[in-house]
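**Student:** Following this message is one structure expressed as structure tokens.
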Amino acid sequence: MISEIPRVDSSLGLIIEKAFRQRRVDLHQYNANFLHRRLNVRLSAKGLHDYSQYASLLDQDPTEYNELFQALSINVTEFFRDNDVYDAFYTHIIPKILNIGKQNEIRIWSAGCATGEEMYSIAILLNQASERYGSFKFKITGTDVSAKAIETARKGKYTHSSLKNLSEKNLKKYFQHESDGHYQINKNIMDSVTFNIGDILTMPTPNSLDVIFCRNIIIYFGRKAQDQLFVKFAHSLKPSAYLVLGKTETIKDGATSLFESIMPRERIYRKRTSTA
């Protein structure tokens, strides 16, 4: 079950088994070093010395699962991070989607959405595109393994530092500056997104999608899990639909039969038409 993880002992295997049995989160698919680092963060935070103690803690205090999954969630994010990717999405991808079959709805999944900055960035671009190209509907679903991250995303409230990539015009248009110094995203943008808690490896996924954003997530999984994710993504996407990865991520080996690179610098891929 945990053959990808070196230095495995029975206590670590028990933690992995508990996470899957209790919360349907498949820890054994994570990159070995990443999993060990994140677990050690939680051991240090709780003043524990080994995995057997941590396994016992999960039984004694099930809320610790939330803390563990928060540690596994990739929360280094901000609005319009890697702005060139969003520029490419707005300039090239959105018009192509709208022209395919002259559809009037765009469906997007943000897999590993963390605290929502990516989701709301996409929603802002789609709102702007709707004003530019004519009104169309859009549905954006975001998922993350961390309940805490999803709770933050649903609130839609952010610090100014996370909004540094927005122009002053868009900041005023899409956010309300509140008395506590935070910025609350507008209701019409919040209403266009849906957030759910789930492990992208085990959860049911949205289907008939036009775009999947999965940025800076797959590098933390082992190769087998990465291959499983690419197959899952291909099944969820419409023919010739798009997959957007992080700047340090790429598709290679067998997964190239599922996706072709169309914008290598931005890590934007298109599902091959021969893929079912």
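Residues are referred to by chain and number: the chain letter is A, B, ... according to the order shown in the structure tokens, the number counts from 1 in that chain, and ligands are numbered separately from 1 in the order shown.
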Could you list, with a cut-off of 10 Å and counting only C-alpha atoms, the residues of range 80-129 of chain A near range 213-216 of chain A, each shown with its nearest atom pair and the distance in Å rounded to one decimal, rows sorted by chain and ascending number, as CSV?

**Tutor:**
```
residue,atom,partner,partner_atom,distance
A:Ile108,CA,A:Phe213,CA,7.6
A:Trp109,CA,A:Phe213,CA,6.2
A:Ser110,CA,A:Phe213,CA,4.7
A:Ala111,CA,A:Cys214,CA,5.0
A:Gly112,CA,A:Cys214,CA,6.4
A:Cys113,CA,A:Cys214,CA,8.0
A:Glu118,CA,A:Phe213,CA,8.7
A:Met119,CA,A:Phe213,CA,9.1
A:Ile122,CA,A:Phe213,CA,9.6
```

**Student:** Suppose we keep C-alpha atoms; can you now write the selection as a compact mmCIF listing (two decimals), in the first residue's frame?

**Tutor:**
```txt
# COMPACT_ATOMS: atom_id res chain seq x y z
CA ILE A 108 -14.15 25.06 -14.92
CA TRP A 109 -12.67 23.00 -12.10
CA SER A 110 -9.90 24.35 -9.86
CA ALA A 111 -8.36 21.19 -8.39
CA GLY A 112 -6.49 22.07 -5.21
CA CYS A 113 -7.97 25.56 -4.97
CA GLU A 118 -7.10 31.25 -8.08
CA MET A 119 -10.84 30.59 -8.25
CA ILE A 122 -10.66 33.04 -12.90
```

**Student:** List every residue of range 175-241 of chain A that DSSP, applied to the backbone, labels as strand (DSSP E or B), and write the result as a ChimeraX atom specification.

**Tutor:** /A:175-177,183-185,193-197,209-214,221,237-241

**Student:** Rank nothing, just name the residue among A:Lys155, A:Lys169, A:Arg267, A:His235 nearest to Phe195 in chain A, using only C-alpha atoms.

**Tutor:**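 Closest residue, counting only C-alpha atoms: A:Lys155.
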
**Student:** Hey, what does DSSP flag as helix (DSSP H, G or I) within range 76-110 of chain A? Can you give it to me as a list in words?

**Tutor:**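 Here is the list: Asn83, Asp84, Val85, Tyr86, Asp87, Ala88, Phe89, Tyr90, Thr91, His92, Ile93, Ile94, Pro95, Lys96, Ile97, Leu98, Asn99, Ile100, Gly101 and Lys102 of chain A.
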
**Student:** With N, CA and C atoms retained, export the selected residues as a tab-separated table (two decimals), in the first residue's frame.

**Tutor:**
```tsv
chain	number	residue	atom	x	y	z
A	83	ASN	N	0.97	35.96	-13.75
A	83	ASN	CA	-0.03	36.71	-14.50
A	83	ASN	C	-0.05	36.36	-15.98
A	84	ASP	N	1.10	35.92	-16.53
A	84	ASP	CA	1.14	35.56	-17.95
A	84	ASP	C	0.21	34.38	-18.26
A	85	VAL	N	0.03	33.50	-17.28
A	85	VAL	CA	-0.88	32.36	-17.47
A	85	VAL	C	-2.32	32.86	-17.60
A	86	TYR	N	-2.70	33.79	-16.74
A	86	TYR	CA	-4.06	34.35	-16.80
A	86	TYR	C	-4.27	35.18	-18.06
A	87	ASP	N	-3.23	35.89	-18.49
A	87	ASP	CA	-3.32	36.65	-19.75
A	87	ASP	C	-3.59	35.70	-20.93
A	88	ALA	N	-2.86	34.58	-20.94
A	88	ALA	CA	-3.06	33.60	-22.02
A	88	ALA	C	-4.45	33.00	-21.96
A	89	PHE	N	-4.91	32.71	-20.76
A	89	PHE	CA	-6.25	32.15	-20.59
A	89	PHE	C	-7.30	33.13	-21.11
A	90	TYR	N	-7.17	34.39	-20.76
A	90	TYR	CA	-8.15	35.39	-21.16
A	90	TYR	C	-8.08	35.68	-22.67
A	91	THR	N	-6.88	35.81	-23.19
A	91	THR	CA	-6.70	36.24	-24.58
A	91	THR	C	-6.93	35.13	-25.58
A	92	HIS	N	-6.50	33.92	-25.23
A	92	HIS	CA	-6.53	32.82	-26.21
A	92	HIS	C	-7.54	31.72	-25.90
A	93	ILE	N	-7.61	31.30	-24.65
A	93	ILE	CA	-8.41	30.13	-24.32
A	93	ILE	C	-9.90	30.44	-24.25
A	94	ILE	N	-10.28	31.49	-23.56
A	94	ILE	CA	-11.71	31.81	-23.44
A	94	ILE	C	-12.37	32.01	-24.80
A	95	PRO	N	-11.78	32.80	-25.70
A	95	PRO	CA	-12.42	32.96	-27.02
A	95	PRO	C	-12.55	31.64	-27.78
A	96	LYS	N	-11.55	30.75	-27.66
A	96	LYS	CA	-11.63	29.46	-28.35
A	96	LYS	C	-12.76	28.61	-27.80
A	97	ILE	N	-12.93	28.62	-26.49
A	97	ILE	CA	-14.02	27.84	-25.88
A	97	ILE	C	-15.37	28.34	-26.36
A	98	LEU	N	-15.53	29.64	-26.38
A	98	LEU	CA	-16.81	30.22	-26.79
A	98	LEU	C	-17.11	29.97	-28.25
A	99	ASN	N	-16.07	29.83	-29.05
A	99	ASN	CA	-16.27	29.61	-30.49
A	99	ASN	C	-16.55	28.15	-30.83
A	100	ILE	N	-16.18	27.24	-29.93
A	100	ILE	CA	-16.43	25.82	-30.18
A	100	ILE	C	-17.92	25.54	-29.97
A	101	GLY	N	-18.61	25.26	-31.00
A	101	GLY	CA	-20.04	24.96	-30.90
A	101	GLY	C	-20.87	26.15	-30.49
A	102	LYS	N	-20.24	27.33	-30.53
A	102	LYS	CA	-20.96	28.57	-30.14
A	102	LYS	C	-21.65	28.40	-28.79
```

**Student:** Point out the residue among A:Asp180, A:Asp82, A:Glu168, A:Asp144 with the least atom-to-atom distance to Leu245 in chain A, counting only C-alpha atoms.

**Tutor:** A:Asp82

**Student:** Within 10 Å of Gln22 in chain A, counting only C-alpha atoms, which residues qualify if same-chain residues fewer than 3 places away don't, as a list in words?

**Tutor:**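 Contacts, in chain order: Glu17, Lys18, Ala19, Val25, Pro62 and Tyr65 of chain A.
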
**Student:** Would you mind exporting N, CA and C atoms of the selected residues as a compact mmCIF listing (two decimals), in the first residue's frame?

**Tutor:**
```
# COMPACT_ATOMS: atom_id res chain seq x y z
N GLU A 17 -3.64 4.64 6.71
CA GLU A 17 -4.87 3.85 6.73
C GLU A 17 -6.02 4.61 7.41
N LYS A 18 -5.71 5.26 8.52
CA LYS A 18 -6.73 6.03 9.24
C LYS A 18 -7.27 7.17 8.38
N ALA A 19 -6.37 7.90 7.72
CA ALA A 19 -6.80 9.03 6.90
C ALA A 19 -7.74 8.59 5.79
N VAL A 25 -9.08 10.30 2.33
CA VAL A 25 -7.92 11.02 1.79
C VAL A 25 -6.79 10.02 1.63
N PRO A 62 -10.06 13.73 16.77
CA PRO A 62 -10.29 13.67 15.31
C PRO A 62 -10.18 15.02 14.61
N TYR A 65 -7.26 15.74 12.16
CA TYR A 65 -7.28 15.47 10.72
C TYR A 65 -7.33 16.78 9.93
```

**Student:** What lies within 9 Å of Tyr269 in chain A using only C-alpha atoms, ignoring chain neighbours under 3 positions off, as a list of chain:residue names?

**Tutor:**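 Selected residues are A:Ala241, A:Tyr242, A:Leu243, A:Val244, A:Leu245, A:Ile251, A:Phe259, A:Glu260, A:Ser261, A:Ile262, A:Met263, A:Pro264.
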
**Student:** Might you pull out every residue within 6 Å of range 51-59 of chain A, with only C-alpha atoms counted and same-chain residues fewer than 6 positions away left off, and present them as a PyMOL selection string?

**Tutor:** chain A and resi 11-12+15

**Student:** Can you write out the residues you just picked, keeping C-alpha atoms, as a tab-separated table (two decimals), in the first residue's frame?

**Tutor:**
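Okay, this is what ended up in out-v2.tsv:
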```tsv
chain	number	residue	atom	x	y	z
A	11	SER	CA	2.87	3.60	12.59
A	12	LEU	CA	3.11	5.64	9.40
A	15	ILE	CA	-1.76	7.03	9.85
```

**Student:** Excluding range 136-141 of chain A and residues on its chain fewer than 3 positions from it, collect all residues at most 8 Å away from it, counting only C-alpha atoms, and give them as a list of chain:residue names.

**Tutor:**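 These residues fall inside the cut-off: A:Asn104, A:Glu105, A:Ile106, A:Arg107, A:Ile108, A:Trp109, A:Ser110, A:Met119, A:Ala123, A:Leu126, A:Ser130, A:Ser192, A:Val193, A:Thr194, A:Phe195, A:Asn196, A:Pro206.
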
**Student:** Point out the residue among A:Phe69, A:Thr77, A:Leu14, A:Lys173 with the least atom-to-atom distance to Gly246 in chain A, counting only C-alpha atoms.

**Tutor:**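 Distance minimum relative to Gly246 in chain A lands on A:Thr77.
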
**Student:** For a quick check of understanding, using only C-alpha atoms, which of A:Asn66, A:Ala255, A:Ser161, A:Thr115 has the smallest distance to Lys224 in chain A?

**Tutor:**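 Checking each candidate against Lys224 in chain A, we get A:Ala255 as the closest.
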
**Student:** For Leu171 in chain A, work out the shell of residues within 12 Å, counting only C-alpha atoms and skipping chain neighbours fewer than 3 positions away, then give it as a list in words.

**Tutor:**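 These residues fall inside the cut-off: Phe79, Ser121, Ile124, Tyr158, Thr159, His160, Ser162, Leu163, Lys164, Asn165, Leu166, Ser167, Glu168, Tyr174, Phe175, Gln176, His177, His182, Tyr183, Gln184, Ile185 and Asn186 of chain A.
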